[in-house]
Amino acid sequence: MSPTTARPETVSAEELYNVVSGAASQDPALVQRSATRLKDILETFGAFDILHEIAASRTVPLQVRQQSIIQFKNAALGHWRSRKLLSDEQRVKIRARCLTLLDEPDDMISEYNELIISKIARQDFPHNWPDLIPCLVNTINTNIDARYTNMGSGPSIHLRRSLEVLNAVLKEFAYIKMPSGIKTMGRLVEELRMVLQGHYSRIAAAFPSTLNPQSIALPRTAEDIFMAHLVLKCVVKLAVWAWHRNNDHQHLQPWVQELFQNSAVQFQALSELRIDLVIALKSSPSSPVAERSIDLLTRHVRLFGKFFRRLQQLAVNRFVALPLCSDLVLYYWSKVVQATNGPTEYIEDAHSAVFPVRFLVQAMVLFKDSLAQWAPVRKDGTSNEHALSKEFVEDAVKLLITRFIPLNPADLEGWMADPEEWVNMEEKDNEQWEFELRPCGERVLMVLAGQYPQYVTPLIANVFEQVAGQPPTDLQSVIQREALYCAIGRCAHRLKDLIPFDQWLEHDLKAQARNTNPSYPIIKRRIAWLIGKWVSEQCSSPNNRNIWEVLVHLLQDRGPGTDAVVRLTAAVALRECVDTVEFNADTFAPFLPTAVNELVRLAAEADTLESKRRVANTLNTVIQRVETRIVPLIGIVAQPLPELWLSAGEDWLFRASLLETVMKLIESAKDQSAPLISLVVPLVRDSFSPGAQLHLDEDALNLWQASLRNTTTLQSSPGEPDLVELFPLAVSVLAENLDLLGKVTHILESYFLLDAPRVLQMYANDLLSGFLKAMHQALPVNVKGMLVSLQLLFQVAPAHLWGAPLHTSGLFAHIAKVLMDDKATTMLLTEGVYVLARVAVADNGVFLNLMSATAVLQNIPESQIWEGILDQWWTRFDNMSEPRLRKLTAMGIANLVATGRPEVLERLATEICNLWLDVFGEIKEAREATTSDSAGSSLKLFWDEPPTSFFQDSEDTPEYDRRRAAYENDPVRTTLLTTFVASCLQQAEIACGGGAMLQSRYLAKVDPTVIKQIQAELARG
């Protein structure tokens, strides 16, 4: 017996019903209890089947049924294949039950049933649910025949629900990218395309006679439009899928082309019927049924547009080559022209409008992306006989500038009602242009200017010349002028040689920016935007005092004729001008104090956090670009930041922007950033609080790193917080947060370079314990970073501060064990040798103590540890590519030789002497290169210059100097290796009881030739 059949059903149907009833009740306490219990029950075998049965039962109260199907959708679909919760028999029952809901009267239950069927079908069709599509198609065929052959007038619920489910299933399969799903969808296209297209033709055949003022109010008409709409949605999904897979389904392309032609003709006919119908209905009151019919018809007409647009998006070159495509697109544009020639009220964002906004936007988008087919010159350089005429292009441009680009009454109302939100929406126009008339019109103008510059740019330039020097006076002329300025900004690249921008700015725009006319905020806002466009697109130099004079004036002006929209737009434009390659901070310097003051003030005044963010971003850019010129203004910027931080609450984007502000201040002020440390410490600490860490940790680390790199000391003024207070947090992040290991390791290095003795005196054991914990969990690349940091620490800090903690933390024992085990990557084993070499060079006595203590700790002979470490010391030498580190390794082993440890001296005859000779040879070559020609100078530089990774992107900060000093003062660089080795050998003689003892026990085993070479090197010095 299989596990599935052996499992008993343990769910009580009665209890489950009662729990779902409780979850659907109006009693909050009962809802809470029921939800908790329901969660447990739904993890029990058999619960999903009972839950679905409750949802499908027509005798159960509607609220309980709705709650049941919602819970089934939420819980069961994600576990549909689970044998712990469902048996095959239960799945069969659920699938069959889904199809019994094809006559469900409740829309909510029906919508969830559509979703459930489509998700189950994705997994089970065709293998486990082969009759799904045949059942749906049979129901559709039967009901279509009954309704449109015999002209029956019975209920259409079966037909509607079946079409809705079929549409949902096709939508699900259309997005499948797995080969099996693609194969299934291909079969569905083959089976359904002609059937569904035939059904649409039958339904739509009656539209010319039924879409009139008399019959539009009949319920049958509304139902027919809806059925046609549902059928067309299915057909469109099939066609778009086939079009997108043109290469694999070439045989379907003739059908898609034929469908497109038929759709183009049908769309134009329906569009004209709809326009005439809506105009006719405006003169008489309409019924709710008529309104619904118009609503459905509008959606249906727009569905054709969605179909055309999707074909265009997927393959614009094939789209424009389709038969009737040009006629279709030009028809769409003719409707745009017709809309502008009619009464203003004909254009509304409503389905009942003669020309709904969405329809016109759809028309513009199709026109815009098809313009390339009518370009005067093709890509191959030949003339295009189908190019649009000069008159057509000029009329289109005039239409756009006079009717679609100007602000409309709704725009002005939104501006007055909520200025900040209006600016926020305007700044998002890149996202909204496919949905709104004005931004869409601007994009069409830009494409026209690109395809027909010989017509468009002279036209705009001519209009500009006509109005130049004539400031607008009334509201209507202001609105038209604003539209012209918008066109000039959008076509800046095309117009930069025709419009003398700097002259225009000085003689016209400066005066308009100071005009107190109550309507002038409209034009002032556009002037700020225009300056930002021309400068950011490199059509005008930012190093023009008039630019800064105008923008700073608009930013600070609070008199008549201006408002918050102008100031916020000026702030954005200021950032665009400052953030350019040509920006010269000296030209901007006279305006800097006012600009910073006003940006800080504007950030405080702004009501929405999005506006505050936008202003803060401008402030950050200004601070970054002016560099040390910001120092006198640090107090002005920093003073309001704590209050802004608190007011931001959980707007993490704004808080991140404030962290960036402080970071930019520090990076610009460099070694003069000390006054900001008292602000940095609480901000970083707060950013790592439980609620904030997930959102702010990266930004806080960037600020923290910048603070450390640009300060000159860890000390602060008495009573002020200092950066040392954050060191325990760094250790905590090191030990606990693997995602931030790379950055926090660099932060620790910054502490070491600033004042390693101080941090070790306070936190040595915690620090090294943190390193140990992190090494046990981290990726190899992060472990390498930590080993490099330890090398720096052991170089710059006295050994007596880290020697004992290196043992008590267990870190030395861990590194030794990794080397002994020889299982880590070559990279990590090599870095481990470098760490031990640093310890040995710093203090060989500490090294000996660590070795003996580790032997006791691990309960193994000390000689065994020596053997493992020394094996790696020699083996990894061949993996060391950097001469400085090879010399470090040679010095480290020399200092171990000086201890007289027999385990070390035993290797003199073989490994150690050979290692020394290799490094001696490299040094000799580098030394000789100093007197050779330029061909040898690169070898010298390789020795003398640190690798770029050593500086960790700290260039142009005080830390760079600290790193450079650490490199230059490294004993590995300052110590003559031959002298060092000679000294170590002398110490070894003493440790062994004299030179004779060292000679007889160890040096006698060395190859005489090797001894001679070493003696020669030591003598040379």
# chains A, B, ... in the order shown; residues from 1 in each chain; ligands from 1
>>> select_by_dssp(residues="segment 369-426 of chain A", states="helix (DSSP H, G or I)", output="PyMOL selection string")
chain A and resi 369-374+390-404+409-417+419-426
>>> write_last_selection(atoms="C-alpha atoms", output="JSON list (two decimals), in the first residue's frame")
[["chain", "number", "residue", "atom", "x", "y", "z"],
["A", 369, "ASP", "CA", 7.62, 54.33, -32.36],
["A", 370, "SER", "CA", 6.59, 53.98, -36.01],
["A", 371, "LEU", "CA", 8.13, 57.26, -37.17],
["A", 372, "ALA", "CA", 11.39, 55.61, -38.18],
["A", 373, "GLN", "CA", 9.64, 53.87, -41.10],
["A", 374, "TRP", "CA", 8.90, 57.30, -42.59],
["A", 390, "LYS", "CA", 7.18, 68.88, -44.55],
["A", 391, "GLU", "CA", 3.64, 70.14, -44.07],
["A", 392, "PHE", "CA", 2.61, 67.02, -42.15],
["A", 393, "VAL", "CA", 5.63, 67.23, -39.83],
["A", 394, "GLU", "CA", 5.23, 70.95, -39.19],
["A", 395, "ASP", "CA", 1.53, 70.55, -38.47],
["A", 396, "ALA", "CA", 2.32, 67.73, -36.04],
["A", 397, "VAL", "CA", 4.91, 69.84, -34.23],
["A", 398, "LYS", "CA", 2.56, 72.82, -33.99],
["A", 399, "LEU", "CA", -0.18, 70.55, -32.71],
["A", 400, "LEU", "CA", 2.06, 69.12, -30.00],
["A", 401, "ILE", "CA", 3.42, 72.48, -28.86],
["A", 402, "THR", "CA", 0.07, 74.26, -28.84],
["A", 403, "ARG", "CA", -2.29, 71.54, -27.62],
["A", 404, "PHE", "CA", -0.55, 68.67, -25.84],
["A", 409, "PRO", "CA", -6.29, 73.24, -16.12],
["A", 410, "ALA", "CA", -5.96, 69.91, -14.31],
["A", 411, "ASP", "CA", -2.17, 70.37, -14.17],
["A", 412, "LEU", "CA", -2.55, 73.85, -12.71],
["A", 413, "GLU", "CA", -5.11, 72.63, -10.18],
["A", 414, "GLY", "CA", -2.75, 69.87, -9.07],
["A", 415, "TRP", "CA", 0.08, 72.40, -8.83],
["A", 416, "MET", "CA", -1.95, 74.68, -6.57],
["A", 417, "ALA", "CA", -3.45, 71.87, -4.47],
["A", 419, "PRO", "CA", 2.94, 71.75, -5.08],
["A", 420, "GLU", "CA", 5.41, 69.20, -3.72],
["A", 421, "GLU", "CA", 3.48, 66.20, -4.96],
["A", 422, "TRP", "CA", 3.12, 67.89, -8.34],
["A", 423, "VAL", "CA", 6.90, 68.31, -8.60],
["A", 424, "ASN", "CA", 7.41, 64.71, -7.49],
["A", 425, "MET", "CA", 5.16, 63.50, -10.29],
["A", 426, "GLU", "CA", 6.87, 65.77, -12.84]]
>>> residues_around(residues="Ala982 of chain A", least_positions_apart="4", cutoff="12 Å", atoms="only C-alpha atoms", output="ChimeraX atom specification")
/A:891,894-895,897-898,916,976-978,986-989,1014-1021
>>> closest_residue(among="A:Gln250, A:Ser271, A:Gln556, A:Ser678", to="Pro642 of chain A", atoms="only C-alpha atoms")
A:Ser678
>>> residues_around(residues="Lys368 of chain A", least_positions_apart="2", cutoff="10 Å", atoms="only C-alpha atoms", output="list in words")
Val329, Trp333, Gln362, Ala363, Met364, Val365, Leu366, Ser370, Leu371, Ala372, Cys440, Gly441, Arg443, Val444, Leu445, Met446, Val447 and Leu448 of chain A
>>> residues_around(residues="segment 746-756 of chain A", least_positions_apart="6", cutoff="7 Å", atoms="only C-alpha atoms", output="CSV table (one decimal) with C-alpha atoms, in the first residue's frame")
chain,number,residue,atom,x,y,z
A,705,GLN,CA,34.9,54.6,6.6
A,708,LEU,CA,38.1,57.4,9.6
A,709,ARG,CA,40.0,58.0,6.4
A,713,THR,CA,43.1,61.5,15.2
A,714,LEU,CA,40.8,59.3,17.3
A,789,SER,CA,44.4,43.3,8.1
A,793,LEU,CA,48.0,45.3,12.8
A,796,VAL,CA,52.0,49.0,13.3
A,797,ALA,CA,51.2,47.9,16.9
A,962,ARG,CA,49.2,57.0,6.8
>>> atom_distance(atom1="atom CA of Ser162 of chain A", atom2="atom CA of Ser110 of chain A")
10.2 Å
